[in-house]
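Novice: Pasting start-v2.txt below, which is compact mmCIF, C-alpha atoms.
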```txt
# COMPACT_ATOMS: atom_id res chain seq x y z
CA MET A 1 54.95 -17.13 -31.26
CA THR A 2 53.40 -17.46 -27.80
CA HIS A 3 51.28 -20.56 -27.31
CA ALA A 4 48.86 -21.40 -24.53
CA LEU A 5 49.81 -24.57 -22.68
CA ILE A 6 47.38 -27.39 -21.91
CA ILE A 7 48.04 -28.39 -18.31
CA ASP A 8 45.46 -31.13 -18.00
CA ALA A 9 42.10 -32.33 -19.29
CA VAL A 10 39.35 -34.44 -17.76
CA ARG A 11 35.94 -35.58 -18.91
CA SER A 12 33.05 -37.53 -17.54
CA PRO A 13 31.94 -40.77 -19.15
CA ARG A 14 29.10 -40.09 -21.56
CA GLY A 15 25.73 -41.37 -20.43
CA ARG A 16 22.72 -42.04 -22.60
CA GLY A 17 20.85 -38.80 -23.16
CA ASN A 18 17.44 -40.22 -22.31
CA ASP A 19 15.45 -41.58 -19.38
CA LYS A 20 17.59 -44.75 -19.33
CA GLY A 21 20.81 -42.81 -18.95
CA SER A 22 22.88 -43.60 -15.85
CA LEU A 23 23.73 -39.92 -15.28
CA LYS A 24 20.16 -38.66 -15.33
CA PRO A 25 19.79 -38.64 -11.50
CA LEU A 26 22.49 -35.95 -11.33
CA LYS A 27 21.89 -32.26 -12.02
CA PRO A 28 23.95 -30.63 -14.80
CA VAL A 29 25.61 -28.23 -12.37
CA ASP A 30 26.75 -31.19 -10.26
CA LEU A 31 28.07 -33.15 -13.24
CA LEU A 32 30.19 -30.20 -14.32
CA ALA A 33 31.29 -29.45 -10.75
CA GLN A 34 32.57 -33.01 -10.36
CA GLN A 35 34.84 -32.53 -13.37
CA LEU A 36 36.13 -29.25 -11.96
CA THR A 37 36.86 -30.98 -8.66
CA ALA A 38 38.66 -33.84 -10.43
CA LEU A 39 40.75 -31.42 -12.48
CA GLN A 40 41.86 -29.49 -9.40
CA ALA A 41 42.58 -32.67 -7.45
CA ARG A 42 44.81 -33.99 -10.23
CA GLY A 43 46.75 -30.75 -10.60
CA GLY A 44 46.77 -29.42 -7.05
CA PHE A 45 46.65 -25.83 -8.27
CA ASP A 46 45.23 -22.87 -6.38
CA THR A 47 41.91 -22.09 -8.07
CA ALA A 48 42.37 -18.39 -7.22
CA GLU A 49 45.06 -18.38 -9.94
CA VAL A 50 42.41 -19.06 -12.62
CA ALA A 51 41.68 -15.84 -14.50
CA ASP A 52 38.46 -17.04 -16.16
CA ALA A 53 36.29 -20.09 -16.76
CA VAL A 54 34.57 -20.41 -20.12
CA ILE A 55 32.03 -23.23 -20.44
CA GLY A 56 30.17 -24.38 -23.53
CA CYS A 57 26.50 -25.21 -23.15
CA VAL A 58 24.04 -25.28 -26.04
CA THR A 59 20.64 -25.49 -24.38
CA GLN A 60 20.94 -22.78 -21.75
CA THR A 61 17.55 -23.04 -20.12
CA GLY A 62 16.09 -24.64 -17.00
CA GLU A 63 18.76 -26.54 -15.10
CA GLN A 64 21.38 -25.39 -17.61
CA GLY A 65 20.37 -21.73 -17.46
CA ALA A 66 21.49 -18.79 -15.29
CA ASN A 67 25.18 -19.04 -16.30
CA ILE A 68 25.91 -22.63 -15.33
CA ALA A 69 29.64 -21.92 -15.70
CA LYS A 70 29.76 -19.69 -12.65
CA LEU A 71 27.31 -21.80 -10.67
CA ALA A 72 29.41 -24.94 -11.20
CA LEU A 73 32.49 -23.09 -9.93
CA VAL A 74 30.58 -22.24 -6.76
CA ARG A 75 29.31 -25.81 -6.45
CA ALA A 76 32.85 -27.18 -6.80
CA GLY A 77 34.14 -24.86 -4.10
CA TRP A 78 36.52 -22.95 -6.35
CA SER A 79 37.70 -19.52 -5.30
CA ASP A 80 35.15 -16.73 -5.59
CA ALA A 81 37.88 -14.86 -7.49
CA VAL A 82 37.20 -16.98 -10.60
CA PRO A 83 34.71 -15.44 -13.06
CA GLY A 84 32.62 -17.72 -15.23
CA VAL A 85 30.82 -17.37 -18.55
CA SER A 86 28.64 -19.78 -20.52
CA ILE A 87 28.77 -19.69 -24.32
CA ASN A 88 26.74 -21.20 -27.14
CA ARG A 89 28.32 -21.83 -30.54
CA TYR A 90 26.01 -24.78 -31.08
CA CYS A 91 27.89 -28.12 -31.15
CA ALA A 92 31.24 -26.32 -31.39
CA SER A 93 30.70 -24.63 -28.02
CA GLY A 94 33.12 -26.75 -25.98
CA LEU A 95 36.03 -26.19 -28.35
CA SER A 96 35.30 -22.47 -28.65
CA ALA A 97 35.22 -22.31 -24.85
CA LEU A 98 38.73 -23.72 -24.69
CA GLN A 99 39.91 -21.33 -27.39
CA PHE A 100 38.55 -18.35 -25.47
CA ALA A 101 40.04 -19.66 -22.22
CA ALA A 102 43.45 -19.92 -23.89
CA GLN A 103 43.19 -16.29 -24.95
CA GLN A 104 42.36 -15.32 -21.38
CA ALA A 105 45.33 -17.29 -20.04
CA LEU A 106 47.71 -15.50 -22.39
CA ALA A 107 46.16 -12.06 -21.89
CA ASN A 108 46.33 -12.35 -18.10
CA ASP A 109 49.55 -14.42 -17.85
CA ALA A 110 47.55 -16.83 -15.73
CA LEU A 111 45.60 -20.07 -15.63
CA ALA A 112 42.21 -20.36 -17.33
CA LEU A 113 39.57 -23.04 -17.68
CA GLY A 114 37.73 -24.17 -20.79
CA GLY A 115 35.09 -26.86 -20.81
CA GLY A 116 31.53 -27.84 -21.49
CA ILE A 117 28.35 -29.38 -20.13
CA GLU A 118 25.24 -30.87 -21.67
CA MET A 119 22.73 -33.22 -20.08
CA MET A 120 20.31 -34.11 -22.83
CA SER A 121 18.44 -36.52 -20.54
CA ARG A 122 17.37 -33.60 -18.32
CA VAL A 123 17.41 -30.61 -20.69
CA PRO A 124 16.39 -31.96 -24.11
CA MET A 125 17.78 -30.51 -27.32
CA ALA A 126 15.74 -27.45 -28.41
CA ALA A 127 14.18 -27.05 -24.95
CA ASP A 128 15.08 -23.36 -25.22
CA ARG A 129 12.61 -23.13 -28.15
CA GLY A 130 14.81 -20.81 -30.22
CA PRO A 131 14.22 -19.72 -33.83
CA LEU A 132 16.57 -22.40 -35.18
CA THR A 133 14.15 -25.14 -34.17
CA HIS A 134 10.81 -23.48 -33.38
CA ASP A 135 10.25 -20.57 -35.78
CA LEU A 136 9.15 -22.17 -39.06
CA ASP A 137 8.70 -18.82 -40.79
CA PHE A 138 12.25 -17.82 -39.92
CA GLN A 139 13.56 -21.18 -41.14
CA ARG A 140 11.76 -20.87 -44.49
CA GLN A 141 12.89 -17.28 -44.96
CA THR A 142 16.55 -18.03 -44.23
CA GLY A 143 16.98 -21.49 -45.75
CA LEU A 144 17.83 -23.16 -42.45
CA VAL A 145 16.82 -26.80 -42.69
CA PRO A 146 16.96 -29.67 -40.17
CA ILE A 147 20.59 -30.75 -39.93
CA GLY A 148 19.77 -34.39 -40.63
CA ILE A 149 18.33 -33.42 -44.00
CA ALA A 150 21.39 -31.25 -44.62
CA ALA A 151 23.56 -34.32 -43.99
CA ASP A 152 21.52 -36.28 -46.50
CA VAL A 153 21.96 -33.48 -49.05
CA VAL A 154 25.73 -33.58 -48.55
CA ALA A 155 25.68 -37.35 -49.02
CA THR A 156 23.68 -36.96 -52.23
CA LEU A 157 25.98 -34.24 -53.60
CA GLU A 158 29.08 -36.32 -52.83
CA GLY A 159 27.68 -39.67 -53.92
CA PHE A 160 28.04 -41.33 -50.51
CA SER A 161 25.82 -44.39 -50.33
CA ARG A 162 23.89 -45.81 -47.43
CA ALA A 163 26.40 -48.68 -47.34
CA ASP A 164 29.32 -46.21 -47.17
CA CYS A 165 27.76 -44.42 -44.21
CA ASP A 166 26.88 -47.65 -42.41
CA ALA A 167 30.42 -48.98 -42.85
CA TYR A 168 31.79 -45.84 -41.24
CA ALA A 169 29.31 -46.12 -38.36
CA LEU A 170 30.20 -49.76 -37.75
CA ALA A 171 33.90 -48.87 -37.57
CA SER A 172 33.11 -46.11 -35.04
CA GLN A 173 31.32 -48.61 -32.81
CA GLN A 174 34.07 -51.21 -33.08
CA ARG A 175 36.80 -48.68 -32.31
CA ALA A 176 34.92 -47.21 -29.34
CA VAL A 177 34.28 -50.62 -27.81
CA ALA A 178 37.93 -51.63 -28.25
CA ALA A 179 39.10 -48.35 -26.69
CA ARG A 180 36.73 -48.69 -23.75
CA GLU A 181 37.75 -52.28 -23.10
CA GLY A 182 41.42 -51.39 -23.54
CA GLY A 183 41.34 -48.58 -20.97
CA ARG A 184 42.48 -45.95 -23.47
CA PHE A 185 40.36 -43.10 -22.07
CA VAL A 186 42.83 -42.10 -19.38
CA SER A 187 41.37 -38.61 -18.87
CA LEU A 188 37.92 -40.01 -18.03
CA ARG A 189 36.82 -39.48 -14.39
CA PRO A 190 34.01 -41.54 -12.81
CA VAL A 191 30.80 -39.76 -11.82
CA HIS A 192 29.33 -40.23 -8.35
CA ALA A 193 25.90 -39.81 -6.81
CA ASP A 194 25.40 -37.54 -3.81
CA ASP A 195 25.85 -40.51 -1.49
CA GLY A 196 29.20 -41.45 -3.06
CA ARG A 197 27.97 -44.34 -5.20
CA VAL A 198 29.53 -44.58 -8.66
CA LEU A 199 26.85 -43.70 -11.18
CA LEU A 200 29.01 -44.28 -14.24
CA ASP A 201 32.69 -45.04 -14.80
CA ALA A 202 32.73 -45.80 -18.54
CA ASP A 203 30.97 -44.48 -21.63
CA GLU A 204 27.63 -46.26 -21.86
CA THR A 205 26.57 -45.27 -25.38
CA PRO A 206 28.75 -47.65 -27.50
CA ARG A 207 26.81 -50.64 -28.79
CA PRO A 208 29.06 -53.71 -29.11
CA GLN A 209 26.21 -55.69 -30.64
CA THR A 210 26.14 -53.46 -33.75
CA THR A 211 26.39 -55.30 -37.08
CA ALA A 212 26.33 -54.25 -40.72
CA GLU A 213 23.09 -56.19 -41.15
CA GLY A 214 21.48 -54.42 -38.22
CA LEU A 215 22.45 -51.00 -39.53
CA ALA A 216 21.17 -51.86 -43.02
CA ALA A 217 17.76 -52.72 -41.58
CA MET A 218 17.22 -49.34 -39.93
CA ALA A 219 14.77 -46.89 -41.50
CA PRO A 220 16.07 -43.55 -42.81
CA ALA A 221 15.49 -40.94 -40.12
CA PHE A 222 14.72 -37.89 -42.24
CA ALA A 223 12.95 -39.15 -45.37
CA ALA A 224 9.40 -38.56 -44.14
CA LEU A 225 10.23 -35.11 -42.78
CA GLY A 226 11.98 -34.10 -45.99
CA GLY A 227 9.10 -35.18 -48.17
CA GLN A 228 6.17 -33.97 -46.08
CA SER A 229 7.70 -30.58 -45.30
CA GLY A 230 8.70 -29.86 -48.88
CA VAL A 231 12.33 -29.39 -47.82
CA ASP A 232 13.52 -32.18 -50.12
CA ALA A 233 12.07 -30.42 -53.16
CA LEU A 234 13.62 -27.11 -52.12
CA MET A 235 17.04 -28.67 -51.55
CA ALA A 236 16.93 -30.60 -54.82
CA GLN A 237 16.12 -27.39 -56.68
CA ARG A 238 18.75 -25.34 -54.82
CA TYR A 239 21.60 -27.78 -55.45
CA GLY A 240 20.54 -29.13 -58.85
CA LEU A 241 19.72 -32.63 -57.68
CA ALA A 242 17.17 -35.06 -59.11
CA ARG A 243 16.32 -36.24 -55.59
CA ILE A 244 17.67 -36.39 -52.05
CA ASP A 245 19.06 -39.78 -51.01
CA HIS A 246 18.21 -40.27 -47.35
CA VAL A 247 21.10 -42.30 -45.97
CA GLN A 248 21.25 -41.13 -42.35
CA HIS A 249 19.44 -43.01 -39.61
CA ALA A 250 19.71 -43.58 -35.86
CA GLY A 251 22.60 -46.01 -36.29
CA ASN A 252 24.91 -43.74 -38.30
CA SER A 253 24.03 -40.47 -36.58
CA PRO A 254 25.48 -39.12 -33.33
CA ALA A 255 23.94 -40.52 -30.16
CA MET A 256 22.45 -37.96 -27.77
CA ALA A 257 24.39 -38.01 -24.52
CA ASP A 258 25.04 -36.50 -21.12
CA GLY A 259 28.57 -35.36 -20.41
CA ALA A 260 30.93 -32.72 -19.06
CA ALA A 261 34.58 -31.86 -19.64
CA ALA A 262 37.15 -29.46 -18.23
CA VAL A 263 40.55 -28.38 -19.58
CA LEU A 264 43.09 -26.26 -17.70
CA VAL A 265 45.26 -23.98 -19.82
CA ALA A 266 48.03 -21.60 -18.86
CA SER A 267 50.52 -19.08 -20.14
CA ALA A 268 54.12 -20.31 -20.07
CA GLY A 269 54.89 -17.83 -17.30
CA ALA A 270 52.00 -18.98 -15.11
CA ALA A 271 52.88 -22.66 -15.57
CA GLN A 272 56.47 -21.97 -14.54
CA ARG A 273 55.54 -19.82 -11.55
CA LEU A 274 53.06 -22.37 -10.25
CA GLY A 275 55.19 -25.43 -10.96
CA LEU A 276 52.67 -27.00 -13.34
CA ARG A 277 53.85 -29.44 -15.98
CA PRO A 278 51.91 -29.12 -19.25
CA ARG A 279 50.69 -32.07 -21.29
CA GLY A 280 50.56 -30.09 -24.52
CA ARG A 281 50.26 -26.73 -26.20
CA ILE A 282 47.81 -25.11 -28.60
CA LEU A 283 49.57 -24.34 -31.88
CA ALA A 284 46.66 -22.70 -33.69
CA THR A 285 42.89 -22.34 -33.74
CA ALA A 286 40.35 -21.25 -36.33
CA ASP A 287 36.68 -20.29 -36.36
CA VAL A 288 34.74 -20.30 -39.62
CA SER A 289 31.23 -20.26 -40.95
CA VAL A 290 30.11 -21.83 -44.22
CA ASP A 291 26.91 -22.34 -46.25
CA HIS A 292 24.27 -22.15 -43.51
CA THR A 293 21.91 -24.48 -45.38
CA LEU A 294 24.35 -27.38 -45.76
CA ALA A 295 25.55 -26.26 -42.33
CA LEU A 296 27.84 -29.12 -41.32
CA THR A 297 30.73 -29.01 -43.81
CA GLY A 298 32.69 -26.33 -41.93
CA ALA A 299 35.06 -28.68 -40.10
CA VAL A 300 36.98 -29.00 -43.39
CA ASP A 301 37.39 -25.24 -43.77
CA ALA A 302 38.25 -24.74 -40.09
CA THR A 303 40.89 -27.47 -40.25
CA ARG A 304 42.48 -25.94 -43.33
CA LYS A 305 42.60 -22.54 -41.69
CA ALA A 306 44.03 -23.82 -38.41
CA LEU A 307 46.68 -25.89 -40.19
CA ALA A 308 47.70 -22.90 -42.31
CA ARG A 309 48.07 -20.77 -39.18
CA ALA A 310 50.25 -23.47 -37.62
CA GLY A 311 52.36 -23.74 -40.78
CA LEU A 312 51.46 -27.43 -41.08
CA GLY A 313 49.72 -29.78 -43.49
CA VAL A 314 47.65 -32.94 -43.14
CA PRO A 315 50.79 -35.18 -43.37
CA ASP A 316 52.19 -33.43 -40.28
CA ILE A 317 49.24 -34.50 -38.10
CA ASP A 318 49.29 -37.84 -36.29
CA LEU A 319 45.66 -37.90 -35.15
CA PHE A 320 42.40 -36.22 -36.09
CA GLU A 321 39.63 -36.06 -33.47
CA VAL A 322 36.56 -34.79 -35.32
CA ASN A 323 33.05 -34.79 -33.95
CA GLU A 324 30.96 -37.29 -35.86
CA SER A 325 28.05 -35.01 -36.70
CA PHE A 326 26.79 -37.66 -39.15
CA ALA A 327 28.56 -40.47 -41.01
CA ALA A 328 28.23 -38.65 -44.33
CA LEU A 329 30.03 -35.62 -42.94
CA MET A 330 32.97 -37.76 -41.79
CA LEU A 331 33.27 -39.22 -45.29
CA HIS A 332 33.17 -35.64 -46.59
CA TYR A 333 35.95 -34.62 -44.18
CA MET A 334 38.21 -37.50 -45.21
CA LYS A 335 37.58 -36.94 -48.92
CA HIS A 336 38.20 -33.20 -49.02
CA LEU A 337 41.23 -33.15 -46.71
CA GLN A 338 42.63 -36.53 -47.82
CA VAL A 339 42.75 -37.70 -44.21
CA PRO A 340 43.22 -41.47 -43.97
CA HIS A 341 40.72 -43.33 -41.83
CA ASP A 342 43.48 -44.88 -39.74
CA ARG A 343 44.31 -41.42 -38.33
CA LEU A 344 40.72 -40.25 -37.82
CA ASN A 345 38.77 -40.95 -34.63
CA VAL A 346 40.90 -43.98 -33.90
CA ASN A 347 38.98 -44.67 -30.67
CA GLY A 348 35.54 -44.06 -32.12
CA GLY A 349 33.46 -40.91 -32.21
CA ALA A 350 30.06 -39.50 -31.40
CA ILE A 351 28.16 -42.11 -33.41
CA ALA A 352 29.31 -44.61 -30.80
CA LEU A 353 30.49 -42.53 -27.85
CA GLY A 354 27.64 -40.02 -27.91
CA HIS A 355 27.47 -36.27 -28.40
CA ALA A 356 26.85 -34.14 -25.31
CA MET A 357 26.55 -31.00 -27.40
CA GLY A 358 28.19 -28.31 -25.29
CA ALA A 359 30.85 -30.65 -23.87
CA THR A 360 32.06 -32.64 -26.87
CA GLY A 361 34.57 -30.12 -28.22
CA SER A 362 36.51 -29.86 -24.97
CA ALA A 363 36.20 -33.62 -24.30
CA LEU A 364 37.90 -34.34 -27.64
CA VAL A 365 40.99 -32.46 -26.49
CA GLY A 366 41.55 -34.84 -23.58
CA MET A 367 40.88 -37.83 -25.84
CA ALA A 368 43.46 -36.57 -28.32
CA LEU A 369 46.08 -36.02 -25.61
CA ASP A 370 45.46 -39.48 -24.17
CA GLU A 371 46.04 -41.11 -27.54
CA LEU A 372 49.05 -38.97 -28.45
CA GLU A 373 50.64 -40.03 -25.17
CA ARG A 374 49.74 -43.67 -25.69
CA ARG A 375 51.31 -43.69 -29.14
CA ASP A 376 54.21 -41.38 -28.26
CA ALA A 377 52.96 -39.22 -31.15
CA ARG A 378 53.25 -35.48 -31.57
CA ARG A 379 50.33 -33.55 -33.04
CA ALA A 380 46.56 -33.72 -33.32
CA VAL A 381 43.76 -31.73 -34.90
CA ILE A 382 40.46 -31.36 -33.07
CA ALA A 383 37.58 -30.14 -35.25
CA ILE A 384 33.86 -29.76 -34.80
CA CYS A 385 31.00 -28.23 -36.74
CA GLY A 386 27.67 -26.85 -35.62
CA ALA A 387 24.31 -25.64 -36.83
CA ALA A 388 23.95 -22.72 -39.25
CA GLY A 389 27.43 -23.34 -40.69
CA VAL A 390 29.70 -22.63 -37.71
CA ALA A 391 32.84 -24.68 -37.11
CA VAL A 392 36.00 -24.60 -35.00
CA ALA A 393 39.34 -26.39 -35.30
CA MET A 394 42.40 -26.55 -33.08
CA VAL A 395 45.91 -27.89 -33.63
CA ILE A 396 47.64 -29.18 -30.50
CA GLU A 397 51.10 -30.58 -29.83
CA ARG A 398 52.04 -33.04 -27.09
CA LEU A 399 54.81 -31.96 -24.74
```
Mind turning the file's structure into structure tokens?
Specialist:
Amino acid sequence: MTHALIIDAVRSPRGRGNDKGSLKPLKPVDLLAQQLTALQARGGFDTAEVADAVIGCVTQTGEQGANIAKLALVRAGWSDAVPGVSINRYCASGLSALQFAAQQALANDALALGGGIEMMSRVPMAADRGPLTHDLDFQRQTGLVPIGIAADVVATLEGFSRADCDAYALASQQRAVAAREGGRFVSLRPVHADDGRVLLDADETPRPQTTAEGLAAMAPAFAALGGQSGVDALMAQRYGLARIDHVQHAGNSPAMADGAAAVLVASAGAAQRLGLRPRGRILATADVSVDHTLALTGAVDATRKALARAGLGVPDIDLFEVNESFAALMLHYMKHLQVPHDRLNVNGGAIALGHAMGATGSALVGMALDELERRDARRAVIAICGAAGVAVAMVIERL
């Protein structure tokens, strides 16, 4: 079987996705362009050899509109020979972008770029005002509910308590802080202002002051919405529940973030011709869609499918990098795949590190490679779910 090779991966630090975020002074096209520049500088490859650039971006409007993939290539000074396309598979966009780029690399016997960009401080979530968030009639007719309520429904169905979710969130914070302080994020590249000043050189979303007591004191984020909108009653009826237990809150949900990532992939022939040494290879990928109302459980199905395609099982995988959509969904992932916590998100996840929607999937690939190299381990699974039931998983192997 022919596998696409992962030549290198870089990501920006994740900034807070609000007015206090250190990256907010920078435009999205510039944040992405800086990662493209860093990737090329590390590898020294001729950008004209890149057959395509596929970039994930969820909220493609305003400063993130007009095909930001191609515009960032221009901004970074890459060859005009490189096409660019922006895609939206909700939160799974960055991993789908890499999957599509790998297909382009193999089809063209060339290099290709996959990556992602999202600056939630400058282009807020749902700023595109699409039906998923702004057409209430459509939502009622199709059974699409706010994803936070969906997470609470999953927690209720599975019997995950508020304390269970908070314990997971606390571990994510502790792991992220330890990883940041230990310099484990080798693929992270600092972000600079136009005048050369360093805007951010480390993830700023982890909260080292987090405690179990502090998490326990936080109010449920979706209880009022679920009750006032009538969604709780509908979900209870649909899934045969006496009530919905609202266990998710700001402290055990993913933090909104700014971030960008870029991953260079290649066919074996192109890597050999161009003298590029790969860090890893993609063994298998899978796209799935599941119950669009519960929405966020698809990472389990995608992982199973990708592992089956690779001819592997959970015991064959050293590390799992899974986007922390909500704490309850991570507990669901571990339960249904029997993944031990000591192999899952060992350096923290989006609850602590932040979720820059279109970029997270591709950023996780670099994080997985960094940790595989640090541990001298072999294989990792990267998985991520998105709204309306979509999910993507990828199995990679360190070389």
Novice: Under the rule that all atoms listed in the file are counted, which of A:Asp291, A:Glu371, A:Asp342, A:Asp258 is the nearest residue to Asn18 of chain A?
Specialist: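 Checking each of A:Asp291, A:Glu371, A:Asp342, A:Asp258 against Asn18 of chain A, counting all atoms listed in the file, the winner is A:Asp258.
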Novice: Might you pull out every residue within 12 Å of segment 160-165 of chain A, with only C-alpha atoms counted and same-chain residues fewer than 2 positions away left off, and present them as a PyMOL selection string?
Specialist: chain A and resi 151-158+167-172+212-220+244-253+324+326-332+335+351
Novice: Give me, as CSV, each residue of segment 176-285 of chain A that comes within 12 Å of segment 60-69 of chain A, together with its shortest interatomic pair and the distance in Å at one decimal, counting all atoms listed in the file, with rows ordered by chain and rising residue number.
Specialist:
```
residue,atom,partner,partner_atom,distance
A:Ala260,CA,A:Ala69,CA,11.4
A:Ala261,CA,A:Ala69,CA,11.8
A:Ala262,CA,A:Ala69,CA,10.9
```
Novice: Looking at only C-alpha atoms, which of A:His292, A:Arg304, A:Arg122, A:His3 is the one that sits closest to Ala150 of chain A?
Specialist: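 Once distances to Ala150 of chain A are computed over only C-alpha atoms, the minimum belongs to A:His292.
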Novice: Near Ala179 of chain A, counting all atoms listed in the file, which residues have an atom at most 12 Å away, once you skip same-chain residues fewer than 2 positions from it, shown as a list in words?
Specialist: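 The residues satisfying every condition are Ser172, Gln173, Gln174, Arg175, Ala176, Val177, Glu181, Gly182, Gly183, Arg184, Phe185, Val186, Ala202, Asp203, Pro206, Pro208, Asn345, Val346, Asn347, Gly348, Gly349, Ala352, Leu353, Met367, Asp370, Glu371 and Arg374 of chain A.
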Novice: Which residue is closest to Met120 of chain A? Choose from A:Gly148, A:Gly298, A:Pro254, A:Pro28 and count all atoms listed in the file.
Specialist: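 Ranked by minimum distance to Met120 of chain A, first place goes to A:Pro28.
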Novice: Compile the contact shell of Gly116 of chain A as a list in words: residues with an atom at most 7 Å away, counting all atoms listed in the file, same-chain residues fewer than 3 positions apart removed.
Specialist: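 The neighbour list is Ile55, Gly56, Cys57, Gly94, Ala260, Ala261, Ala262, Gly358, Ala359 and Ser362 of chain A.
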Novice: Counting only C-alpha atoms, figure out which residue out of A:Ala393, A:Ala388, A:Leu296, A:Ile317 gets nearest to Thr133 of chain A.
Specialist: A:Ala388
Novice: In Å, rounded to a single decimal, give me how far atom CA of Ser325 of chain A is from atom CA of Arg238 of chain A.
Specialist: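 Result for atom CA of Arg238 of chain A versus atom CA of Ser325 of chain A: 22.5 Å, one decimal.
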Novice: Segment 338-340 of chain A: which residues within 9 Å, counting all atoms listed in the file, same-chain residues fewer than 5 positions away excluded, as a list in words?
Specialist: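 So the residues in contact are Val314, Pro315, Phe320 and Tyr333 of chain A.
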Novice: Measuring atom to atom with all atoms listed in the file, identify which of A:Leu319, A:Leu344, A:Cys385, A:Ala266 is nearest to Leu372 of chain A.
Specialist: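 With all atoms listed in the file as the atom set, the closest residue is A:Leu319.
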Novice: Could you give me, as a PyMOL selection string, the residues that have an atom at most 8 Å away from the point (17.4, -37.3, -20.8) in the coordinates of the file, using all atoms listed in the file?
Specialist: chain A and resi 16-21+24+119-124+257-258
Novice: Atom CA of Leu264 of chain A and atom CA of Asp8 of chain A, how far apart in Å?
Specialist: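 Those two atoms sit 5.4 Å apart.
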